[in-house]
$ cat protein_19.cif   # mmCIF, C-alpha atoms and all ligand atoms
data_model
loop_
_atom_site.label_atom_id
_atom_site.label_comp_id
_atom_site.auth_asym_id
_atom_site.auth_seq_id
_atom_site.Cartn_x
_atom_site.Cartn_y
_atom_site.Cartn_z
CA MET Z 23 -118.51 -54.87 -14.56
CA ASP Z 24 -116.02 -56.89 -16.58
CA LEU Z 25 -113.29 -58.55 -14.49
CA TYR Z 26 -110.44 -56.64 -16.18
CA GLU Z 27 -112.28 -53.34 -15.63
CA ALA Z 28 -112.59 -54.15 -11.91
CA ILE Z 29 -108.90 -55.07 -11.73
CA TYR Z 30 -107.82 -51.81 -13.35
CA LYS Z 31 -110.35 -49.65 -11.44
CA ARG Z 32 -109.57 -51.04 -7.97
CA ARG Z 33 -107.78 -48.52 -5.76
CA ILE Z 34 -107.30 -48.28 -2.02
CA VAL Z 35 -109.29 -45.20 -0.98
CA ARG Z 36 -109.17 -43.39 2.34
CA ASP Z 37 -112.04 -40.89 2.14
CA PHE Z 38 -115.64 -42.12 2.08
CA LYS Z 39 -119.08 -40.59 1.54
CA GLU Z 40 -121.61 -40.78 4.37
CA LYS Z 41 -123.69 -43.41 2.60
CA SER Z 42 -124.56 -46.89 3.77
CA VAL Z 43 -123.79 -50.04 1.77
CA PRO Z 44 -126.94 -52.22 1.44
CA ASP Z 45 -126.87 -55.56 3.29
CA GLU Z 46 -127.44 -57.51 0.05
CA THR Z 47 -124.37 -55.92 -1.55
CA LEU Z 48 -122.28 -56.62 1.53
CA LYS Z 49 -123.35 -60.28 1.42
CA LYS Z 50 -122.42 -60.55 -2.29
CA ILE Z 51 -118.97 -59.14 -1.53
CA ILE Z 52 -118.34 -61.55 1.36
CA ASP Z 53 -119.57 -64.41 -0.84
CA ALA Z 54 -117.03 -63.37 -3.47
CA GLY Z 55 -114.36 -63.50 -0.75
CA LEU Z 56 -115.42 -67.04 0.09
CA GLN Z 57 -114.74 -68.16 -3.50
CA ALA Z 58 -110.99 -67.65 -2.98
CA PRO Z 59 -108.60 -70.61 -3.19
CA THR Z 60 -107.97 -72.31 0.16
CA HIS Z 61 -104.84 -74.25 1.15
CA ASP Z 62 -106.76 -76.82 3.26
CA HIS Z 63 -110.14 -77.05 1.46
CA LEU Z 64 -111.78 -75.77 4.65
CA ARG Z 65 -112.11 -72.05 4.03
CA ASN Z 66 -111.36 -71.36 7.67
CA TRP Z 67 -112.31 -67.70 7.49
CA GLU Z 68 -114.78 -65.67 9.56
CA PHE Z 69 -115.84 -62.09 8.98
CA VAL Z 70 -116.71 -59.68 11.77
CA ILE Z 71 -118.74 -56.82 10.30
CA LEU Z 72 -118.95 -53.51 12.15
CA LYS Z 73 -121.51 -50.87 11.21
CA ASP Z 74 -122.53 -49.15 14.46
CA LYS Z 75 -120.39 -46.26 15.71
CA GLU Z 76 -119.81 -47.82 19.15
CA ASP Z 77 -118.74 -51.17 17.67
CA LYS Z 78 -116.34 -49.42 15.30
CA GLU Z 79 -114.92 -47.30 18.11
CA ARG Z 80 -114.34 -50.38 20.26
CA ALA Z 81 -112.42 -52.15 17.48
CA LEU Z 82 -110.47 -49.04 16.46
CA GLN Z 83 -109.39 -48.01 19.98
CA PHE Z 84 -105.89 -49.37 19.24
CA VAL Z 85 -105.49 -47.41 16.01
CA ARG Z 86 -103.90 -44.07 16.63
CA GLN Z 87 -105.81 -41.06 15.38
CA GLY Z 88 -103.60 -39.46 12.74
CA VAL Z 89 -102.72 -35.82 12.36
CA GLU Z 90 -103.34 -33.94 9.14
CA PRO Z 91 -100.17 -33.00 7.25
CA THR Z 92 -100.11 -29.44 8.50
CA LEU Z 93 -96.38 -29.59 9.12
CA GLU Z 94 -94.46 -27.92 6.32
CA ILE Z 95 -92.31 -31.01 5.81
CA LEU Z 96 -95.37 -33.21 5.20
CA LYS Z 97 -96.89 -30.67 2.84
CA GLN Z 98 -93.60 -30.63 0.93
CA THR Z 99 -93.67 -34.43 0.76
CA LEU Z 100 -97.11 -34.29 -0.82
CA VAL Z 101 -95.76 -32.05 -3.55
CA ASN Z 102 -92.20 -33.24 -4.07
CA GLY Z 103 -92.03 -36.76 -2.61
CA THR Z 104 -91.62 -40.03 -4.45
CA PRO Z 105 -94.94 -41.86 -5.10
CA GLN Z 106 -94.24 -44.00 -2.02
CA GLN Z 107 -93.55 -40.98 0.21
CA LYS Z 108 -96.71 -39.25 -1.09
CA MET Z 109 -98.75 -42.37 -0.32
CA TYR Z 110 -97.42 -42.33 3.27
CA ALA Z 111 -98.15 -38.62 3.67
CA VAL Z 112 -101.76 -39.21 2.55
CA ALA Z 113 -102.27 -42.54 4.31
CA MET Z 114 -100.77 -41.95 7.76
CA PRO Z 115 -103.14 -39.17 8.93
CA ARG Z 116 -106.10 -41.28 7.72
CA GLN Z 117 -105.46 -44.64 9.40
CA TYR Z 118 -108.36 -44.09 11.81
CA SER Z 119 -110.78 -42.02 9.71
CA MET Z 120 -110.51 -44.28 6.63
CA LEU Z 121 -112.01 -47.09 8.77
CA MET Z 122 -114.25 -45.11 11.10
CA ASN Z 123 -115.91 -43.19 8.24
CA ALA Z 124 -116.40 -46.23 6.00
CA SER Z 125 -119.95 -47.59 5.81
CA HIS Z 126 -118.73 -50.92 7.22
CA ILE Z 127 -115.54 -52.30 8.68
CA ILE Z 128 -114.85 -55.89 7.68
CA LEU Z 129 -112.48 -57.84 9.93
CA PRO Z 130 -111.46 -60.95 7.94
CA PHE Z 131 -110.18 -63.53 10.45
CA PHE Z 132 -108.32 -66.71 9.49
CA LYS Z 133 -107.71 -69.82 11.56
CA ALA Z 134 -104.01 -70.00 12.31
CA ASN Z 135 -101.70 -72.66 13.65
CA SER Z 136 -98.41 -72.19 15.52
CA ALA Z 137 -96.41 -72.46 12.27
CA VAL Z 138 -97.83 -69.20 10.93
CA MET Z 139 -96.11 -67.11 13.59
CA LYS Z 140 -92.89 -69.14 13.51
CA PRO Z 141 -92.56 -70.13 9.84
CA THR Z 142 -89.84 -72.53 8.77
CA CYS Z 143 -90.71 -72.41 5.08
CA VAL Z 144 -93.14 -70.60 2.79
CA ARG Z 145 -95.68 -73.39 3.22
CA SER Z 146 -96.01 -72.55 6.94
CA LEU Z 147 -97.65 -69.34 5.81
CA ASN Z 148 -100.42 -71.07 3.82
CA PRO Z 149 -103.27 -69.92 6.12
CA LEU Z 150 -102.06 -66.33 5.80
CA SER Z 151 -101.52 -66.64 2.05
CA SER Z 152 -105.03 -68.03 1.57
CA VAL Z 153 -106.71 -65.19 3.44
CA TRP Z 154 -104.98 -62.66 1.20
CA CYS Z 155 -106.69 -64.30 -1.78
CA VAL Z 156 -109.98 -63.69 0.07
CA ILE Z 157 -109.07 -60.06 0.66
CA GLU Z 158 -108.29 -59.42 -3.00
CA ASN Z 159 -111.59 -61.02 -4.03
CA ILE Z 160 -113.34 -58.65 -1.62
CA PHE Z 161 -111.53 -55.66 -3.13
CA LEU Z 162 -112.45 -56.66 -6.68
CA ALA Z 163 -116.09 -57.49 -5.84
CA ALA Z 164 -116.42 -54.14 -4.03
CA THR Z 165 -115.05 -52.36 -7.12
CA ALA Z 166 -117.48 -54.25 -9.36
CA GLU Z 167 -120.32 -53.01 -7.10
CA GLY Z 168 -119.19 -49.38 -7.50
CA LEU Z 169 -117.69 -49.36 -4.01
CA ALA Z 170 -114.16 -48.99 -2.66
CA CYS Z 171 -112.04 -50.26 0.22
CA SER Z 172 -109.46 -48.92 2.62
CA MET Z 173 -107.09 -51.32 4.34
CA ARG Z 174 -104.80 -51.26 7.34
CA ILE Z 175 -102.40 -53.87 8.65
CA PRO Z 176 -102.47 -54.13 12.47
CA VAL Z 177 -99.17 -53.15 14.06
CA GLY Z 178 -97.55 -54.90 17.06
CA GLU Z 179 -100.16 -56.21 19.52
CA GLU Z 180 -102.97 -54.32 17.77
CA GLY Z 181 -104.42 -57.35 15.96
CA VAL Z 182 -104.48 -59.53 19.09
CA ASN Z 183 -106.06 -56.71 21.10
CA VAL Z 184 -108.79 -56.12 18.50
CA ALA Z 185 -109.49 -59.87 18.36
CA LYS Z 186 -109.86 -59.91 22.15
CA VAL Z 187 -112.28 -56.98 22.42
CA ILE Z 188 -114.53 -58.29 19.65
CA GLY Z 189 -114.52 -61.79 21.14
CA ALA Z 190 -112.69 -63.78 18.43
CA PRO Z 191 -111.38 -67.22 19.45
CA GLN Z 192 -107.66 -67.23 20.32
CA ASN Z 193 -106.55 -69.23 17.30
CA TYR Z 194 -108.06 -66.78 14.81
CA LEU Z 195 -105.81 -63.98 13.53
CA LEU Z 196 -106.60 -60.67 11.90
CA PRO Z 197 -104.45 -59.96 8.81
CA CYS Z 198 -105.95 -56.51 8.16
CA TYR Z 199 -108.91 -54.23 8.69
CA ILE Z 200 -110.99 -53.41 5.60
CA GLY Z 201 -113.12 -50.28 5.32
CA LEU Z 202 -115.93 -50.61 2.77
CA GLY Z 203 -117.99 -47.77 1.36
CA TYR Z 204 -118.62 -45.27 -1.40
CA ALA Z 205 -115.49 -43.32 -2.31
CA CYS Z 206 -115.62 -39.52 -2.09
CA GLU Z 207 -115.49 -37.99 -5.56
CA ASP Z 208 -112.62 -35.71 -4.57
CA ASN Z 209 -110.46 -38.60 -3.32
CA ILE Z 210 -106.76 -37.90 -3.74
CA GLU Z 211 -105.58 -39.85 -6.79
CA LEU Z 212 -102.21 -41.17 -5.75
CA GLU Z 213 -99.54 -41.48 -8.37
CA GLN Z 214 -98.54 -45.07 -9.12
CA VAL Z 215 -95.19 -46.32 -10.36
CA LYS Z 216 -96.15 -47.95 -13.65
CA TYR Z 217 -94.77 -51.27 -14.79
CA SER Z 218 -95.51 -53.14 -17.97
CA ALA Z 219 -95.78 -56.90 -18.30
CA GLU Z 220 -92.90 -56.81 -20.81
CA GLU Z 221 -90.55 -55.41 -18.13
CA LYS Z 222 -91.51 -58.13 -15.67
CA MET Z 223 -91.65 -61.27 -17.81
CA HIS Z 224 -88.69 -63.62 -18.08
CA PHE Z 225 -89.14 -66.29 -20.72
CA GLY Z 226 -87.17 -69.52 -20.44
CA LYS Z 227 -84.85 -68.17 -17.72
CA TRP Z 228 -84.42 -64.98 -15.66
C1 LIG S 1 -99.75 -55.93 2.35
C2 LIG S 1 -100.29 -54.53 2.26
C3 LIG S 1 -100.26 -53.71 3.38
C4 LIG S 1 -100.83 -52.42 3.34
N1 LIG S 1 -100.91 -51.70 4.49
C5 LIG S 1 -101.57 -50.53 4.49
C6 LIG S 1 -101.81 -49.85 5.72
O1 LIG S 1 -101.47 -50.32 6.82
N2 LIG S 1 -102.45 -48.65 5.64
C7 LIG S 1 -102.88 -48.11 4.46
O2 LIG S 1 -103.45 -47.02 4.48
N3 LIG S 1 -102.69 -48.75 3.29
C8 LIG S 1 -102.07 -49.95 3.27
N4 LIG S 1 -101.90 -50.64 2.09
C9 LIG S 1 -102.40 -50.07 0.82
C10 LIG S 1 -101.27 -49.56 -0.06
O3 LIG S 1 -100.82 -48.32 0.42
C11 LIG S 1 -101.80 -49.42 -1.51
O4 LIG S 1 -102.26 -50.66 -1.94
C12 LIG S 1 -100.68 -48.92 -2.42
O5 LIG S 1 -100.41 -47.57 -2.15
C13 LIG S 1 -101.06 -49.05 -3.90
O6 LIG S 1 -102.23 -48.33 -4.16
P1 LIG S 1 -103.53 -49.02 -4.79
O7 LIG S 1 -103.92 -50.17 -3.91
O8 LIG S 1 -104.57 -47.94 -4.80
O9 LIG S 1 -103.17 -49.52 -6.16
C14 LIG S 1 -101.34 -51.92 2.11
C15 LIG S 1 -101.32 -52.73 0.98
C16 LIG S 1 -100.82 -54.02 1.05
C17 LIG S 1 -100.87 -54.90 -0.17
#

$ encode --input "protein_19.cif" --output "structure tokens"
Amino acid sequence: MDLYEAIYKRRIVRDFKEKSVPDETLKKIIDAGLQAPTHDHLRNWEFVILKDKEDKERALQFVRQGVEPTLEILKQTLVNGTPQQKMYAVAMPRQYSMLMNASHIILPFFKANSAVMKPTCVRSLNPLSSVWCVIENIFLAATAEGLACSMRIPVGEEGVNVAKVIGAPQNYLLPCYIGLGYACEDNIELEQVKYSAEEKMHFGKW
């Protein structure tokens, strides 16, 4: 798949088919992640891959199982909400299932220093910024392979707790969980607010 096609096709999905991603494909996708730019030349990233039900359950024990939008107010949001509200109404009940039902969960850890959690300038966040380049490469490579990803940001102590139960060293942080798999054909296509480059470009000065 052409790079631009992958960029335009990439979507966060939250409903997956019961179909396993081959190991070779998974390796290609992680390798694509490792090609990302790195602030310190060291590519201090490690990937914990979860495939077995028990391993997934252990890692996801801190993610609250969502409730389907059966409440009238949530149903109304799905029909009448802004694109952002609709995204929340679809996403919130699926925070657990979109990871549990994915073929694999990828936990992309990065090596952090004390500055990341107490930043004094943007540069303090370099380890975090670098790992997000990795994550986008993973998303695009997955799309190019005909796959899709879900993603959740750990809330509160969730990330530290997951790191502990899967045995990650203390100085490695989890920026997000990634679910990887084959998207269901009837996935809800969420409306996007469209922007054009012309609206966003400022030549010479803002
Ligand atoms: C920094 C960041 C945090 C996000 N956090 C979550 C999350 O916790 N749960 C979730 O379901 N989606 C999460 N998303 C996915 C967004 O909802 C999604 O990217 C957005 O709706 C745009 O849709 P698209 O990625 O399909 O273009 C996050 C995305 C980003 C970039």

$ residues_around --input "protein_19.cif" --residues "stretch 142-158 of chain Z" --least-positions-apart "2" --cutoff "6 Å" --atoms "all atoms listed in the file" --output "ChimeraX atom specification"
/Z:55,58,60,137-138,160-161

$ residues_near_ligand --input "protein_19.cif" --ligand "ligand LIG 1 (chain S)" --cutoff "9 Å" --atoms "all atoms listed in the file" --output "MDAnalysis selection string"
chainID Z and resid 30:36 105:106 109:110 112:114 116:117 120 154 172:177 197:199 211:214

$ write_last_selection --input "protein_19.cif" --atoms "C-alpha atoms" --output "PDB file, keeping the file's coordinate frame"
ATOM      1  CA  TYR Z  30    -107.820 -51.810 -13.350  1.00  0.00           C
ATOM      2  CA  LYS Z  31    -110.350 -49.650 -11.440  1.00  0.00           C
ATOM      3  CA  ARG Z  32    -109.570 -51.040  -7.970  1.00  0.00           C
ATOM      4  CA  ARG Z  33    -107.780 -48.520  -5.760  1.00  0.00           C
ATOM      5  CA  ILE Z  34    -107.300 -48.280  -2.020  1.00  0.00           C
ATOM      6  CA  VAL Z  35    -109.290 -45.200  -0.980  1.00  0.00           C
ATOM      7  CA  ARG Z  36    -109.170 -43.390   2.340  1.00  0.00           C
ATOM      8  CA  PRO Z 105     -94.940 -41.860  -5.100  1.00  0.00           C
ATOM      9  CA  GLN Z 106     -94.240 -44.000  -2.020  1.00  0.00           C
ATOM     10  CA  MET Z 109     -98.750 -42.370  -0.320  1.00  0.00           C
ATOM     11  CA  TYR Z 110     -97.420 -42.330   3.270  1.00  0.00           C
ATOM     12  CA  VAL Z 112    -101.760 -39.210   2.550  1.00  0.00           C
ATOM     13  CA  ALA Z 113    -102.270 -42.540   4.310  1.00  0.00           C
ATOM     14  CA  MET Z 114    -100.770 -41.950   7.760  1.00  0.00           C
ATOM     15  CA  ARG Z 116    -106.100 -41.280   7.720  1.00  0.00           C
ATOM     16  CA  GLN Z 117    -105.460 -44.640   9.400  1.00  0.00           C
ATOM     17  CA  MET Z 120    -110.510 -44.280   6.630  1.00  0.00           C
ATOM     18  CA  TRP Z 154    -104.980 -62.660   1.200  1.00  0.00           C
ATOM     19  CA  SER Z 172    -109.460 -48.920   2.620  1.00  0.00           C
ATOM     20  CA  MET Z 173    -107.090 -51.320   4.340  1.00  0.00           C
ATOM     21  CA  ARG Z 174    -104.800 -51.260   7.340  1.00  0.00           C
ATOM     22  CA  ILE Z 175    -102.400 -53.870   8.650  1.00  0.00           C
ATOM     23  CA  PRO Z 176    -102.470 -54.130  12.470  1.00  0.00           C
ATOM     24  CA  VAL Z 177     -99.170 -53.150  14.060  1.00  0.00           C
ATOM     25  CA  PRO Z 197    -104.450 -59.960   8.810  1.00  0.00           C
ATOM     26  CA  CYS Z 198    -105.950 -56.510   8.160  1.00  0.00           C
ATOM     27  CA  TYR Z 199    -108.910 -54.230   8.690  1.00  0.00           C
ATOM     28  CA  GLU Z 211    -105.580 -39.850  -6.790  1.00  0.00           C
ATOM     29  CA  LEU Z 212    -102.210 -41.170  -5.750  1.00  0.00           C
ATOM     30  CA  GLU Z 213     -99.540 -41.480  -8.370  1.00  0.00           C
ATOM     31  CA  GLN Z 214     -98.540 -45.070  -9.120  1.00  0.00           C
TER      32      GLN Z 214
END

$ atom_distance --input "protein_19.cif" --atom1 "atom CA of Z:Ile95" --atom2 "atom CA of Z:Glu180"
28.3 Å

$ residues_around --input "protein_19.cif" --residues "Z:Asn193" --least-positions-apart "6" --cutoff "9 Å" --atoms "all atoms listed in the file" --output "MDAnalysis selection string"
chainID Z and resid 132:136

$ residues_around --input "protein_19.cif" --residues "Z:Leu72" --least-positions-apart "6" --cutoff "9 Å" --atoms "all atoms listed in the file" --output "list in words"
Lys78, Ala81, Ser125, His126, Ile127, Ile128 and Leu129 of chain Z

$ write_last_selection --input "protein_19.cif" --atoms "C-alpha atoms" --output "short mmCIF file (atom, residue, chain, number, x, y, z; two decimals), in the coordinates of the input"
data_model
loop_
_atom_site.label_atom_id
_atom_site.label_comp_id
_atom_site.auth_asym_id
_atom_site.auth_seq_id
_atom_site.Cartn_x
_atom_site.Cartn_y
_atom_site.Cartn_z
CA LYS Z 78 -116.34 -49.42 15.30
CA ALA Z 81 -112.42 -52.15 17.48
CA SER Z 125 -119.95 -47.59 5.81
CA HIS Z 126 -118.73 -50.92 7.22
CA ILE Z 127 -115.54 -52.30 8.68
CA ILE Z 128 -114.85 -55.89 7.68
CA LEU Z 129 -112.48 -57.84 9.93
#

$ axis_aligned_box --input "protein_19.cif" --around "stretch 63-74 of chain Z" --padding-each-side "4 Å" --output "lines of an AutoDock Vina configuration file"
center_x = -116.3
center_y = -63.1
center_z = 8.0
size_x = 20.4
size_y = 35.9
size_z = 21.0

$ atom_distance --input "protein_19.cif" --atom1 "atom CA of Z:Lys97" --atom2 "atom CA of Z:Val215"
20.5 Å

$ atom_distance --input "protein_19.cif" --atom1 "atom CA of Z:Thr165" --atom2 "atom CA of Z:Glu220"
26.4 Å

$ closest_residue --input "protein_19.cif" --among "Z:Ala166, Z:Phe225, Z:Ser218, Z:Glu207" --to "Z:Ile51" --atoms "all atoms listed in the file"
Z:Ala166

$ residues_around --input "protein_19.cif" --residues "Z:Leu82" --least-positions-apart "4" --cutoff "9 Å" --atoms "only C-alpha atoms" --output "number ranges by chain"
Z: 77-78, 86, 118, 121-122, 184

$ write_last_selection --input "protein_19.cif" --atoms "C-alpha atoms" --output "mmCIF file, in the coordinates of the input"
data_model
loop_
_atom_site.group_PDB
_atom_site.id
_atom_site.type_symbol
_atom_site.label_atom_id
_atom_site.label_comp_id
_atom_site.auth_asym_id
_atom_site.auth_seq_id
_atom_site.Cartn_x
_atom_site.Cartn_y
_atom_site.Cartn_z
ATOM 1 C CA ASP Z 77 -118.740 -51.170 17.670
ATOM 2 C CA LYS Z 78 -116.340 -49.420 15.300
ATOM 3 C CA ARG Z 86 -103.900 -44.070 16.630
ATOM 4 C CA TYR Z 118 -108.360 -44.090 11.810
ATOM 5 C CA LEU Z 121 -112.010 -47.090 8.770
ATOM 6 C CA MET Z 122 -114.250 -45.110 11.100
ATOM 7 C CA VAL Z 184 -108.790 -56.120 18.500
#

$ closest_residue --input "protein_19.cif" --among "Z:Lys222, Z:Ile210, Z:Ala163, Z:Gly178" --to "Z:Asp24" --atoms "all atoms listed in the file"
Z:Ala163

$ closest_residue --input "protein_19.cif" --among "Z:Val85, Z:Met139, Z:Ala170, Z:Val70" --to "Z:Pro115" --atoms "only C-alpha atoms"
Z:Val85

$ closest_residue --input "protein_19.cif" --among "Z:Glu94, Z:Asp37, Z:Glu68, Z:Asp74" --to "Z:Leu56" --atoms "all atoms listed in the file"
Z:Glu68

$ closest_residue --input "protein_19.cif" --among "Z:Ala28, Z:Leu162, Z:Ala185, Z:Asn123" --to "Z:Ser42" --atoms "all atoms listed in the file"
Z:Asn123

$ closest_residue --input "protein_19.cif" --among "Z:Thr47, Z:Asn183, Z:Asn209, Z:Gln107" --to "Z:Glu167" --atoms "all atoms listed in the file"
Z:Thr47
